[in-house]
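Asks: Pasting my_file.cif below, which is mmCIF, C-alpha atoms.
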data_coords
loop_
_atom_site.label_atom_id
_atom_site.label_comp_id
_atom_site.auth_asym_id
_atom_site.auth_seq_id
_atom_site.Cartn_x
_atom_site.Cartn_y
_atom_site.Cartn_z
CA MET A 1 0.00 0.00 0.00
CA ALA A 2 1.51 3.32 -1.11
CA GLY A 3 1.94 6.13 1.37
CA LEU A 4 2.96 9.79 1.15
CA CYS A 5 4.04 12.16 3.89
CA ARG A 6 2.70 15.65 3.27
CA ASP A 7 5.36 17.25 5.44
CA CYS A 8 8.64 15.72 4.25
CA LEU A 9 7.15 14.61 0.88
CA GLN A 10 8.60 11.11 1.17
CA MET A 11 6.86 8.23 -0.58
CA ILE A 12 6.71 5.19 1.71
CA ASP A 13 5.63 1.58 1.51
CA ALA A 14 3.03 1.61 4.26
CA GLY A 15 2.31 -2.11 4.21
CA GLY A 16 -0.71 -1.36 6.41
CA PRO A 17 -2.45 1.51 8.21
CA ALA A 18 0.66 3.52 9.19
CA ARG A 19 0.07 6.31 11.70
CA ARG A 20 3.28 8.32 11.37
CA CYS A 21 5.90 8.93 8.72
CA PRO A 22 8.93 6.71 9.37
CA SER A 23 11.21 9.49 8.06
CA CYS A 24 10.03 12.59 9.94
CA GLY A 25 7.43 11.29 12.39
CA SER A 26 4.63 13.44 10.96
CA PRO A 27 1.05 12.15 11.33
CA ARG A 28 0.06 13.86 8.05
CA LEU A 29 0.16 10.70 5.96
CA ILE A 30 -1.87 9.72 2.91
CA VAL A 31 -2.13 5.96 2.59
CA HIS A 32 -4.14 4.45 -0.25
CA ASP A 33 -3.97 1.48 -2.61
CA GLU A 34 -4.55 3.71 -5.65
CA LEU A 35 -2.48 6.69 -4.53
CA THR A 36 -0.10 6.60 -7.50
CA ALA A 37 -2.75 5.65 -10.08
CA LEU A 38 -5.11 8.65 -9.87
CA ALA A 39 -4.69 11.94 -11.73
CA ILE A 40 -7.86 14.08 -11.53
CA ALA A 41 -7.71 16.65 -8.75
CA HIS A 42 -9.85 19.38 -7.25
CA VAL A 43 -7.97 22.12 -5.39
CA ASP A 44 -9.95 24.37 -3.06
CA CYS A 45 -8.51 27.24 -1.01
CA ASP A 46 -9.45 27.12 2.68
CA ALA A 47 -11.71 30.04 3.73
CA PHE A 48 -9.93 32.00 1.01
CA TYR A 49 -10.80 35.65 1.69
CA ALA A 50 -10.40 35.19 5.45
CA SER A 51 -7.09 33.37 5.01
CA VAL A 52 -5.71 36.23 2.91
CA GLU A 53 -6.73 38.79 5.55
CA LYS A 54 -5.19 36.72 8.35
CA ARG A 55 -2.01 36.39 6.33
CA ASP A 56 -1.79 40.16 6.00
CA ASP A 57 -2.66 40.91 9.63
CA PRO A 58 -1.18 38.36 12.09
CA ALA A 59 -3.21 39.95 14.92
CA LEU A 60 -6.29 38.30 13.37
CA ARG A 61 -4.79 34.81 13.41
CA ASP A 62 -6.57 33.51 16.53
CA ARG A 63 -9.71 35.62 16.24
CA PRO A 64 -13.04 34.79 14.57
CA LEU A 65 -13.11 36.66 11.26
CA ILE A 66 -16.02 37.38 8.94
CA ILE A 67 -15.65 38.85 5.47
CA GLY A 68 -18.80 40.78 4.63
CA GLY A 69 -20.47 43.93 5.83
CA GLY A 70 -23.60 45.91 6.45
CA THR A 71 -26.42 44.99 8.77
CA ARG A 72 -28.46 43.71 5.80
CA GLY A 73 -25.60 42.20 3.86
CA VAL A 74 -24.47 38.60 3.86
CA VAL A 75 -21.32 36.74 4.86
CA SER A 76 -18.95 36.36 1.90
CA THR A 77 -16.83 33.90 3.83
CA CYS A 78 -15.58 33.33 7.37
CA CYS A 79 -12.63 31.66 9.03
CA TYR A 80 -12.83 28.25 10.66
CA ILE A 81 -12.92 29.78 14.14
CA ALA A 82 -16.10 31.69 13.24
CA ARG A 83 -17.57 28.51 11.73
CA GLN A 84 -17.36 26.87 15.16
CA TYR A 85 -19.99 29.40 16.29
CA GLY A 86 -22.29 28.37 13.43
CA VAL A 87 -21.42 31.20 11.01
CA ARG A 88 -21.63 30.18 7.35
CA SER A 89 -21.17 31.75 3.92
CA ALA A 90 -24.28 33.52 2.54
CA MET A 91 -25.69 33.87 6.07
CA PRO A 92 -27.27 37.30 6.80
CA MET A 93 -24.80 39.51 8.62
CA PHE A 94 -27.17 40.25 11.49
CA ARG A 95 -27.49 36.53 12.18
CA ALA A 96 -23.72 36.00 11.95
CA LYS A 97 -23.17 38.79 14.51
CA GLU A 98 -25.75 37.23 16.81
CA LEU A 99 -23.95 33.88 16.68
CA CYS A 100 -20.46 35.36 17.01
CA PRO A 101 -20.64 38.86 18.54
CA ASP A 102 -16.86 39.01 19.07
CA ALA A 103 -16.05 38.41 15.41
CA VAL A 104 -13.92 40.89 13.49
CA VAL A 105 -15.80 41.99 10.35
CA ILE A 106 -13.86 43.14 7.28
CA PRO A 107 -15.37 44.21 3.94
CA PRO A 108 -14.11 42.17 0.97
CA ASN A 109 -11.08 43.44 -0.96
CA MET A 110 -11.55 41.81 -4.35
CA ARG A 111 -8.50 43.42 -5.95
CA LYS A 112 -6.27 41.74 -3.35
CA TYR A 113 -8.04 38.37 -3.57
CA VAL A 114 -7.81 38.31 -7.36
CA ALA A 115 -4.07 39.01 -7.17
CA VAL A 116 -3.56 36.10 -4.75
CA SER A 117 -5.75 33.85 -6.93
CA ARG A 118 -3.63 34.65 -9.97
CA ALA A 119 -0.45 33.82 -8.05
CA ILE A 120 -1.88 30.42 -7.12
CA ARG A 121 -2.95 29.88 -10.75
CA VAL A 122 0.65 30.40 -11.88
CA LEU A 123 1.72 27.51 -9.63
CA MET A 124 -1.13 25.36 -10.98
CA ASP A 125 -0.04 26.01 -14.54
CA GLU A 126 3.43 24.74 -13.64
CA LEU A 127 1.84 21.40 -12.70
CA THR A 128 -0.25 20.87 -15.82
CA PRO A 129 -1.71 22.80 -18.77
CA LEU A 130 -5.09 21.22 -17.99
CA VAL A 131 -6.42 23.61 -15.35
CA GLU A 132 -10.16 24.39 -15.22
CA PRO A 133 -10.96 27.23 -12.80
CA LEU A 134 -14.38 27.06 -11.17
CA SER A 135 -14.15 30.31 -9.21
CA ILE A 136 -11.58 32.62 -7.70
CA ASP A 137 -10.54 30.00 -5.12
CA GLU A 138 -11.00 26.55 -6.70
CA ALA A 139 -10.08 24.61 -9.83
CA PHE A 140 -9.94 21.15 -11.38
CA LEU A 141 -6.57 19.81 -12.59
CA ASP A 142 -5.78 16.83 -14.79
CA LEU A 143 -2.24 15.60 -14.15
CA SER A 144 -2.42 12.61 -16.49
CA GLY A 145 0.92 12.06 -18.21
CA THR A 146 2.87 14.51 -16.02
CA GLU A 147 4.90 11.85 -14.19
CA THR A 148 7.83 12.08 -16.60
CA LEU A 149 7.88 15.89 -16.52
CA HIS A 150 7.83 16.17 -12.71
CA ARG A 151 9.48 12.81 -11.97
CA ALA A 152 6.71 12.25 -9.48
CA SER A 153 3.22 10.79 -9.31
CA PRO A 154 0.31 13.26 -9.51
CA ALA A 155 -0.25 12.75 -5.76
CA LEU A 156 3.31 13.77 -4.92
CA SER A 157 3.19 16.73 -7.33
CA LEU A 158 -0.02 17.93 -5.67
CA ALA A 159 1.47 17.57 -2.17
CA ARG A 160 4.46 19.64 -3.29
CA PHE A 161 2.11 22.22 -4.77
CA ALA A 162 0.05 22.50 -1.55
CA ARG A 163 3.17 22.99 0.55
CA ARG A 164 4.51 25.56 -1.91
CA VAL A 165 1.27 27.59 -1.85
CA GLU A 166 1.41 27.68 1.93
CA ALA A 167 5.10 28.65 2.05
CA GLU A 168 5.24 31.15 -0.81
CA ILE A 169 1.74 32.66 -0.89
CA GLY A 170 0.71 32.28 2.74
CA VAL A 171 -2.69 30.59 2.39
CA THR A 172 -3.66 26.94 2.59
CA VAL A 173 -5.45 24.64 0.17
CA SER A 174 -7.26 21.31 0.36
CA VAL A 175 -6.80 18.70 -2.36
CA GLY A 176 -9.17 15.99 -3.55
CA LEU A 177 -7.74 13.26 -5.80
CA SER A 178 -9.79 10.71 -7.69
CA HIS A 179 -10.56 9.27 -11.12
CA ASN A 180 -13.13 11.88 -12.18
CA LYS A 181 -14.22 15.45 -11.45
CA PHE A 182 -17.32 14.62 -9.40
CA LEU A 183 -15.40 12.47 -6.93
CA ALA A 184 -12.36 14.75 -6.81
CA LYS A 185 -14.58 17.66 -5.75
CA LEU A 186 -16.23 15.53 -3.07
CA ALA A 187 -12.81 14.43 -1.82
CA SER A 188 -11.51 17.98 -1.40
CA ASP A 189 -14.22 18.63 1.23
CA LEU A 190 -13.45 15.54 3.32
CA ASP A 191 -10.41 16.74 5.23
CA LYS A 192 -10.54 20.56 5.39
CA PRO A 193 -8.55 22.64 6.13
CA ARG A 194 -5.08 21.72 4.80
CA GLY A 195 -6.60 18.47 3.64
CA PHE A 196 -5.66 15.83 1.09
CA ALA A 197 -8.22 13.09 0.52
CA VAL A 198 -8.37 10.27 -2.03
CA ILE A 199 -11.35 8.37 -3.45
CA GLY A 200 -10.23 5.39 -5.54
CA ARG A 201 -12.08 3.41 -8.17
CA ALA A 202 -12.44 0.30 -5.99
CA GLU A 203 -14.15 2.17 -3.16
CA THR A 204 -16.36 4.47 -5.25
CA LEU A 205 -19.65 2.62 -4.79
CA SER A 206 -19.15 1.85 -1.11
CA PHE A 207 -18.05 5.41 -0.32
CA LEU A 208 -21.03 6.97 -2.10
CA ALA A 209 -23.55 4.46 -0.73
CA ARG A 210 -23.42 5.87 2.80
CA GLN A 211 -23.59 9.54 1.75
CA PRO A 212 -26.80 11.66 1.75
CA VAL A 213 -28.39 12.41 -1.62
CA SER A 214 -27.72 16.13 -1.04
CA LEU A 215 -24.01 15.43 -1.64
CA ILE A 216 -24.72 15.07 -5.38
CA PHE A 217 -24.10 18.47 -6.97
CA GLY A 218 -27.29 19.94 -8.36
CA VAL A 219 -29.44 18.34 -5.66
CA GLY A 220 -30.53 21.40 -3.70
CA LYS A 221 -32.88 21.82 -0.80
CA VAL A 222 -36.10 21.40 -2.77
CA PHE A 223 -34.99 18.40 -4.86
CA SER A 224 -33.44 16.80 -1.78
CA GLU A 225 -36.78 17.03 0.03
CA THR A 226 -38.55 15.57 -3.02
CA LEU A 227 -36.15 12.62 -3.02
CA ARG A 228 -36.61 12.14 0.72
CA ARG A 229 -40.39 12.00 0.33
CA ASP A 230 -39.92 9.43 -2.43
CA GLY A 231 -37.83 7.27 -0.09
CA TYR A 232 -34.33 8.28 -1.19
CA GLU A 233 -32.22 9.61 1.67
CA THR A 234 -28.86 8.03 0.86
CA ILE A 235 -27.01 7.65 -2.41
CA GLY A 236 -26.97 3.89 -1.75
CA GLN A 237 -30.75 3.83 -2.14
CA LEU A 238 -30.36 5.47 -5.56
CA GLN A 239 -27.74 2.88 -6.50
CA GLN A 240 -30.22 0.09 -5.78
CA THR A 241 -32.95 1.63 -7.95
CA PRO A 242 -33.13 0.67 -11.66
CA VAL A 243 -32.11 3.49 -13.98
CA GLU A 244 -35.43 3.21 -15.81
CA THR A 245 -37.32 3.91 -12.57
CA LEU A 246 -35.33 7.06 -11.85
CA ILE A 247 -35.79 8.31 -15.42
CA ARG A 248 -39.51 7.62 -15.26
CA ARG A 249 -39.82 9.60 -12.03
CA TYR A 250 -37.41 12.48 -12.65
CA GLY A 251 -36.72 12.58 -16.39
CA ASP A 252 -33.24 13.73 -17.42
CA ALA A 253 -32.45 14.51 -13.79
CA GLY A 254 -33.11 10.85 -13.00
CA ALA A 255 -30.57 9.68 -15.56
CA ARG A 256 -28.04 12.07 -14.08
CA LEU A 257 -28.81 10.85 -10.55
CA ALA A 258 -28.22 7.26 -11.64
CA ARG A 259 -24.83 8.07 -13.16
CA LEU A 260 -23.52 10.13 -10.29
CA ALA A 261 -24.85 7.72 -7.65
CA ARG A 262 -22.50 5.18 -9.21
CA GLY A 263 -19.65 7.67 -9.41
CA GLU A 264 -19.78 7.92 -13.20
CA ASP A 265 -18.65 11.28 -14.57
CA ALA A 266 -17.26 11.48 -18.12
CA ARG A 267 -16.59 15.24 -18.10
CA GLN A 268 -13.07 16.19 -19.04
CA VAL A 269 -11.02 18.87 -17.32
CA SER A 270 -11.46 21.73 -19.77
CA VAL A 271 -9.22 24.77 -20.07
CA ASP A 272 -12.26 26.59 -21.48
CA GLY A 273 -14.13 26.13 -18.22
CA ALA A 274 -13.55 29.68 -16.99
CA SER A 275 -16.36 31.80 -15.52
CA LYS A 276 -18.98 32.90 -18.05
CA SER A 277 -20.00 35.96 -16.04
CA VAL A 278 -18.88 38.22 -13.23
CA SER A 279 -21.13 40.30 -11.00
CA THR A 280 -21.36 42.27 -7.80
CA GLU A 281 -24.25 43.46 -5.67
CA THR A 282 -25.07 45.29 -2.44
CA THR A 283 -27.92 45.10 0.05
CA PHE A 284 -28.94 48.49 1.47
CA SER A 285 -29.15 49.25 5.18
CA ALA A 286 -32.52 50.90 4.38
CA ASP A 287 -34.72 50.39 1.31
CA LEU A 288 -34.16 52.87 -1.54
CA LYS A 289 -36.64 54.14 -4.14
CA ASP A 290 -34.98 57.41 -5.16
CA TYR A 291 -33.35 57.33 -8.59
CA GLU A 292 -30.38 59.48 -7.60
CA ALA A 293 -29.57 57.29 -4.59
CA LEU A 294 -29.94 54.10 -6.63
CA SER A 295 -27.77 55.44 -9.45
CA THR A 296 -25.04 56.37 -6.95
CA GLU A 297 -25.00 52.83 -5.55
CA LEU A 298 -24.95 51.52 -9.12
CA LEU A 299 -21.88 53.64 -9.92
CA ALA A 300 -20.00 52.21 -6.93
CA LEU A 301 -20.85 48.67 -8.06
CA CYS A 302 -19.79 49.38 -11.65
CA GLU A 303 -16.41 50.59 -10.43
CA ARG A 304 -16.00 47.44 -8.35
CA LEU A 305 -17.08 45.23 -11.27
CA SER A 306 -14.71 47.02 -13.62
CA GLU A 307 -11.82 46.51 -11.17
CA ARG A 308 -12.49 42.77 -11.11
CA THR A 309 -12.68 42.39 -14.89
CA LYS A 310 -9.52 44.45 -15.37
CA ALA A 311 -7.66 42.44 -12.73
CA SER A 312 -8.80 39.21 -14.44
CA ARG A 313 -7.99 40.63 -17.90
CA LEU A 314 -11.54 40.08 -19.15
CA VAL A 315 -14.06 41.98 -21.25
CA GLY A 316 -17.79 41.30 -21.57
CA ASP A 317 -20.55 42.10 -24.05
CA THR A 318 -23.72 41.91 -21.93
CA VAL A 319 -24.62 44.10 -18.93
CA THR A 320 -27.26 42.75 -16.52
CA LEU A 321 -29.00 44.83 -13.84
CA LYS A 322 -30.43 43.08 -10.80
CA LEU A 323 -32.95 44.64 -8.40
CA LYS A 324 -34.72 43.06 -5.43
CA SER A 325 -37.73 44.83 -3.97
CA ALA A 326 -38.53 45.24 -0.29
CA GLY A 327 -41.00 42.41 -0.83
CA PHE A 328 -38.18 40.19 -2.20
CA ARG A 329 -39.45 40.26 -5.79
CA LEU A 330 -36.50 39.98 -8.18
CA ARG A 331 -36.09 41.95 -11.40
CA THR A 332 -33.28 41.33 -13.90
CA ARG A 333 -32.77 43.37 -17.05
CA ALA A 334 -30.00 42.95 -19.63
CA ARG A 335 -28.48 44.98 -22.46
CA HIS A 336 -26.17 43.62 -25.14
CA LEU A 337 -23.19 45.80 -26.08
CA MET A 338 -22.05 46.16 -29.67
CA ILE A 339 -18.42 45.79 -28.53
CA PRO A 340 -17.15 44.00 -25.38
CA THR A 341 -15.82 46.26 -22.61
CA GLN A 342 -14.34 46.34 -19.11
CA LEU A 343 -14.67 50.11 -18.56
CA ALA A 344 -16.67 51.29 -15.56
CA ASN A 345 -18.07 54.23 -17.52
CA VAL A 346 -19.48 52.03 -20.27
CA ILE A 347 -20.91 49.49 -17.82
CA TYR A 348 -22.44 52.31 -15.76
CA GLU A 349 -24.07 54.06 -18.72
CA SER A 350 -25.61 50.77 -19.85
CA GLY A 351 -26.78 49.91 -16.34
CA LEU A 352 -28.21 53.40 -15.93
CA GLN A 353 -30.36 52.99 -19.04
CA LEU A 354 -31.76 49.79 -17.57
CA LEU A 355 -32.30 51.38 -14.14
CA GLN A 356 -34.20 54.38 -15.55
CA ARG A 357 -37.00 52.09 -16.76
CA GLU A 358 -37.31 50.35 -13.38
CA VAL A 359 -37.54 53.31 -11.00
CA ASP A 360 -41.32 53.49 -10.57
CA GLY A 361 -41.77 54.19 -6.86
CA THR A 362 -40.87 50.63 -5.81
CA ALA A 363 -38.63 50.42 -2.76
CA PHE A 364 -35.58 48.25 -3.38
CA ARG A 365 -33.45 46.45 -0.82
CA LEU A 366 -30.74 45.25 -3.22
CA ILE A 367 -29.08 46.29 -6.46
CA GLY A 368 -26.54 44.36 -8.51
CA ILE A 369 -24.73 44.65 -11.82
CA GLY A 370 -23.14 41.88 -13.90
CA LEU A 371 -21.09 41.43 -17.05
CA SER A 372 -21.38 38.28 -19.16
CA GLY A 373 -20.27 37.05 -22.56
CA LEU A 374 -16.74 37.18 -21.20
CA ALA A 375 -13.60 36.93 -23.29
CA ALA A 376 -9.90 37.55 -22.74
CA ASP A 377 -8.83 41.19 -22.91
CA SER A 378 -6.53 41.74 -25.90
CA GLY A 379 -4.60 44.41 -24.01
CA ALA A 380 -5.44 47.09 -26.56
CA ASP A 381 -7.50 50.21 -25.82
CA ASP A 382 -11.24 49.62 -25.65
CA PRO A 383 -12.40 49.62 -29.31
CA ILE A 384 -15.63 51.31 -28.28
CA ASP A 385 -13.58 54.54 -28.39
CA LEU A 386 -13.43 54.23 -32.18
CA VAL A 387 -17.09 53.38 -32.64
CA GLU A 388 -18.39 56.02 -30.22
CA PRO A 389 -15.87 58.89 -30.20
CA GLY A 390 -18.01 60.71 -27.63
CA VAL A 391 -16.90 58.34 -24.89
CA ALA A 392 -13.24 58.28 -25.87
CA ARG A 393 -12.32 61.16 -23.58
CA ARG A 394 -14.02 59.58 -20.57
CA ALA A 395 -12.39 56.23 -21.36
CA ALA A 396 -8.95 57.86 -21.45
CA ALA A 397 -9.68 59.58 -18.14
CA GLU A 398 -10.69 56.27 -16.58
CA ARG A 399 -7.46 54.61 -17.66
CA ALA A 400 -5.53 57.55 -16.18
CA ILE A 401 -7.44 57.06 -12.91
CA ASP A 402 -6.55 53.36 -12.96
CA ARG A 403 -2.86 54.22 -13.26
CA VAL A 404 -3.04 56.65 -10.33
CA ARG A 405 -4.90 54.13 -8.16
CA GLU A 406 -2.48 51.38 -9.06
CA ARG A 407 0.36 53.55 -7.81
CA PHE A 408 -1.18 55.32 -4.81
CA GLY A 409 -4.14 53.15 -3.77
CA ARG A 410 -7.84 53.00 -4.54
CA ASP A 411 -8.74 56.06 -2.44
CA ALA A 412 -6.30 58.28 -4.32
CA VAL A 413 -9.08 59.17 -6.78
CA ILE A 414 -12.78 59.11 -5.84
CA ARG A 415 -15.54 60.13 -8.25
CA GLY A 416 -17.46 63.20 -7.10
CA LYS A 417 -20.78 61.39 -6.87
CA LEU A 418 -19.30 58.70 -4.61
CA TYR A 419 -17.35 61.28 -2.59
CA ASP A 420 -20.59 63.13 -1.80
CA ARG A 421 -22.25 59.85 -0.79
CA ASP A 422 -19.40 58.83 1.51
CA LYS A 423 -19.22 62.33 3.01
CA ALA A 424 -22.95 62.24 3.78
CA ARG A 425 -22.61 58.80 5.35
CA THR A 426 -19.70 59.97 7.53
CA ALA A 427 -21.72 62.97 8.69
CA GLY A 428 -24.70 60.75 9.44
CA ASP A 429 -22.55 58.33 11.43
CA LYS A 430 -21.12 61.24 13.46
CA MET A 431 -24.59 62.57 14.26
CA LYS A 432 -25.65 59.10 15.34
CA GLN A 433 -22.61 58.78 17.62
CA ASP A 434 -23.31 62.22 19.12
CA ARG A 435 -26.92 61.21 19.85
CA GLU A 436 -25.73 58.02 21.53
CA LYS A 437 -23.22 59.77 23.83
CA PRO A 438 -24.23 59.55 27.53
CA GLU A 439 -25.27 62.81 29.23
#
Step by step, read the file and then write its structure as structure tokens.

Replies:
Amino acid sequence: MAGLCRDCLQMIDAGGPARRCPSCGSPRLIVHDELTALAIAHVDCDAFYASVEKRDDPALRDRPLIIGGGTRGVVSTCCYIARQYGVRSAMPMFRAKELCPDAVVIPPNMRKYVAVSRAIRVLMDELTPLVEPLSIDEAFLDLSGTETLHRASPALSLARFARRVEAEIGVTVSVGLSHNKFLAKLASDLDKPRGFAVIGRAETLSFLARQPVSLIFGVGKVFSETLRRDGYETIGQLQQTPVETLIRRYGDAGARLARLARGEDARQVSVDGASKSVSTETTFSADLKDYEALSTELLALCERLSERTKASRLVGDTVTLKLKSAGFRLRTRARHLMIPTQLANVIYESGLQLLQREVDGTAFRLIGIGLSGLAADSGADDPIDLVEPGVARRAAAERAIDRVRERFGRDAVIRGKLYDRDKARTAGDKMKQDREKPE
């Protein structure tokens, strides 16, 4: 039975369930019959945003940390200490603060997270050309045929990679290794944080049989409850059901359930699997219906969205506006651009045209803006300047602002509309503090 020490990176002949590395004494061993025969991996950063912030501020290391903000916002992510209190991603901030009142709350810094993500991607690309990013903090890798290049099995190459990320970049990752993407992604969640888990071919059916049906990706809360009512609580119960029965009950979803219940996933790791859209949104502390206030919030979001697309070297050709009313009714409106862009001005003008038609007295609790139809940025000036000369001057000004911010920080240049908003908020906060002072 093959073994691998994740600390000294020595391959060992375990010959049984070894507990410690015979070379360095570390308990961080991976022992598996198929360890050297598997090549499909899923790499997932551990509490990514929180890990980056803790890396940059050691004083946060032993404190519960939440990345998010606003009393009506949601948790973007949280560290593992905060998770012990029950805090979870996408949880409303007010609930997270109730569960963990001593948590430090930091607003997300996407520019910094994207930079760290790109640094990790460089190390991934050194392992294999077959890297399929799923999001800013996770990706599939296919290391088939890399043994000769790295003079190591995929498992050893991945262990080296994980240690290198931790040493050079300062965050940790968890690795799942298996024979297909579905199982590799499941494996990466088994041993978090700093994990490395393996699901081999021989154990696929037995491993899945004891798992809940909700572990199958695409089986959400509603479908999971439907399956439970129909008598399917574990994946093993799906395995024992004829494929024809599942198809008859659930159609195409039934055929998919049957395949995944048996661990069958023929999808290849695709280098074209990058994100198809990028978006950002904000939930207001108080509902807004005024056009001027909504357009100001939209401008701030467009700047943030533009920063992300520029950092990722992407352009997009479709702008989508998202609004959620006080009654939780969702509106989405989209506008296709003649030429793809990444400029905040262009995104804002398009979003503004969509917003103008929606401001009808309805009070909104959330606004969002997205860019889809993404493609790699060629590095040239935005060609919209040539098609619409009227925006060329504003586009040039925006690029000049980008250069100043890159050198002196984001707050070096603030648009007048956003400056007035922030100034009003600061004044309001001061008045509130004065009112709350004891006599």

Asks: Quick one: pull the distance between CA of Glu297 (chain A) and CA of Ser89 (chain A), Å, one decimal.

Replies: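 CA of Ser89 (chain A) lies 23.4 Å from CA of Glu297 (chain A).
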
Asks: Identify all residues satisfying the PyMOL selection byres ((chain A and resi 288) around 9) in the given file; provide them as number ranges by chain.

Replies: A: 284, 286-287, 289-291, 293-294, 326, 362-366

Asks: Find the residues around Ala115 (chain A) up to 12 Å (only C-alpha atoms counted), leave out those fewer than 2 positions away in its own chain, and share them as JSON, numbers by chain.

Replies: {"A": [49, 52, 109, 110, 111, 112, 113, 117, 118, 119, 120, 121, 122, 136, 137, 169, 307, 308, 310, 311, 312, 313]}

Asks: Need the shell around Ala90 (chain A): protein/DNA/RNA residues with any atom at most 12 Å away, counting all atoms listed in the file. Skip same-chain ones fewer than 3 positions apart. Format as a PDB file with C-alpha atoms, in the coordinates of the input?

Replies:
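Listed below is the output, out-v4.pdb:
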ATOM      1  CA  ILE A  66     -16.020  37.380   8.940  1.00  0.00           C
ATOM      2  CA  ILE A  67     -15.650  38.850   5.470  1.00  0.00           C
ATOM      3  CA  GLY A  68     -18.800  40.780   4.630  1.00  0.00           C
ATOM      4  CA  GLY A  69     -20.470  43.930   5.830  1.00  0.00           C
ATOM      5  CA  ARG A  72     -28.460  43.710   5.800  1.00  0.00           C
ATOM      6  CA  GLY A  73     -25.600  42.200   3.860  1.00  0.00           C
ATOM      7  CA  VAL A  74     -24.470  38.600   3.860  1.00  0.00           C
ATOM      8  CA  VAL A  75     -21.320  36.740   4.860  1.00  0.00           C
ATOM      9  CA  SER A  76     -18.950  36.360   1.900  1.00  0.00           C
ATOM     10  CA  THR A  77     -16.830  33.900   3.830  1.00  0.00           C
ATOM     11  CA  CYS A  78     -15.580  33.330   7.370  1.00  0.00           C
ATOM     12  CA  VAL A  87     -21.420  31.200  11.010  1.00  0.00           C
ATOM     13  CA  MET A  93     -24.800  39.510   8.620  1.00  0.00           C
ATOM     14  CA  PHE A  94     -27.170  40.250  11.490  1.00  0.00           C
ATOM     15  CA  ARG A  95     -27.490  36.530  12.180  1.00  0.00           C
ATOM     16  CA  ALA A  96     -23.720  36.000  11.950  1.00  0.00           C
TER      17      ALA A  96
END

Asks: Can you work out the spacing between CA of Gly170 (chain A) and CA of Val104 (chain A) in Å, to one decimal?

Replies: 20.1 Å

Asks: As a check of understanding, name the residues that the PyMOL selection byres ((chain A and resi 235) around 12) selects in the supplied structure, as a PyMOL selection string.

Replies: chain A and resi 204-216+219+224+227-228+231-234+236-241+257-263

Asks: Go ahead and dump the residues you just picked, C-alpha atoms, as a PDB file, in the coordinates of the input.

Replies:
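Dumped everything to out_9.pdb:
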ATOM      1  CA  THR A 204     -16.360   4.470  -5.250  1.00  0.00           C
ATOM      2  CA  LEU A 205     -19.650   2.620  -4.790  1.00  0.00           C
ATOM      3  CA  SER A 206     -19.150   1.850  -1.110  1.00  0.00           C
ATOM      4  CA  PHE A 207     -18.050   5.410  -0.320  1.00  0.00           C
ATOM      5  CA  LEU A 208     -21.030   6.970  -2.100  1.00  0.00           C
ATOM      6  CA  ALA A 209     -23.550   4.460  -0.730  1.00  0.00           C
ATOM      7  CA  ARG A 210     -23.420   5.870   2.800  1.00  0.00           C
ATOM      8  CA  GLN A 211     -23.590   9.540   1.750  1.00  0.00           C
ATOM      9  CA  PRO A 212     -26.800  11.660   1.750  1.00  0.00           C
ATOM     10  CA  VAL A 213     -28.390  12.410  -1.620  1.00  0.00           C
ATOM     11  CA  SER A 214     -27.720  16.130  -1.040  1.00  0.00           C
ATOM     12  CA  LEU A 215     -24.010  15.430  -1.640  1.00  0.00           C
ATOM     13  CA  ILE A 216     -24.720  15.070  -5.380  1.00  0.00           C
ATOM     14  CA  VAL A 219     -29.440  18.340  -5.660  1.00  0.00           C
ATOM     15  CA  SER A 224     -33.440  16.800  -1.780  1.00  0.00           C
ATOM     16  CA  LEU A 227     -36.150  12.620  -3.020  1.00  0.00           C
ATOM     17  CA  ARG A 228     -36.610  12.140   0.720  1.00  0.00           C
ATOM     18  CA  GLY A 231     -37.830   7.270  -0.090  1.00  0.00           C
ATOM     19  CA  TYR A 232     -34.330   8.280  -1.190  1.00  0.00           C
ATOM     20  CA  GLU A 233     -32.220   9.610   1.670  1.00  0.00           C
ATOM     21  CA  THR A 234     -28.860   8.030   0.860  1.00  0.00           C
ATOM     22  CA  GLY A 236     -26.970   3.890  -1.750  1.00  0.00           C
ATOM     23  CA  GLN A 237     -30.750   3.830  -2.140  1.00  0.00           C
ATOM     24  CA  LEU A 238     -30.360   5.470  -5.560  1.00  0.00           C
ATOM     25  CA  GLN A 239     -27.740   2.880  -6.500  1.00  0.00           C
ATOM     26  CA  GLN A 240     -30.220   0.090  -5.780  1.00  0.00           C
ATOM     27  CA  THR A 241     -32.950   1.630  -7.950  1.00  0.00           C
ATOM     28  CA  LEU A 257     -28.810  10.850 -10.550  1.00  0.00           C
ATOM     29  CA  ALA A 258     -28.220   7.260 -11.640  1.00  0.00           C
ATOM     30  CA  ARG A 259     -24.830   8.070 -13.160  1.00  0.00           C
ATOM     31  CA  LEU A 260     -23.520  10.130 -10.290  1.00  0.00           C
ATOM     32  CA  ALA A 261     -24.850   7.720  -7.650  1.00  0.00           C
ATOM     33  CA  ARG A 262     -22.500   5.180  -9.210  1.00  0.00           C
ATOM     34  CA  GLY A 263     -19.650   7.670  -9.410  1.00  0.00           C
TER      35      GLY A 263
END

Asks: At what distance in Å, to one decimal, does CA of Leu149 (chain A) lie from CA of Arg201 (chain A)?

Replies: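 A separation of 25.0 Å between them.
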
Asks: Could you tell me, as number ranges by chain, exactly which residues end up selected when the PyMOL selection byres ((chain A and resi 39) around 8) is applied to this structure?

Replies: A: 37-38, 40-41, 142-144, 154-155, 177-179
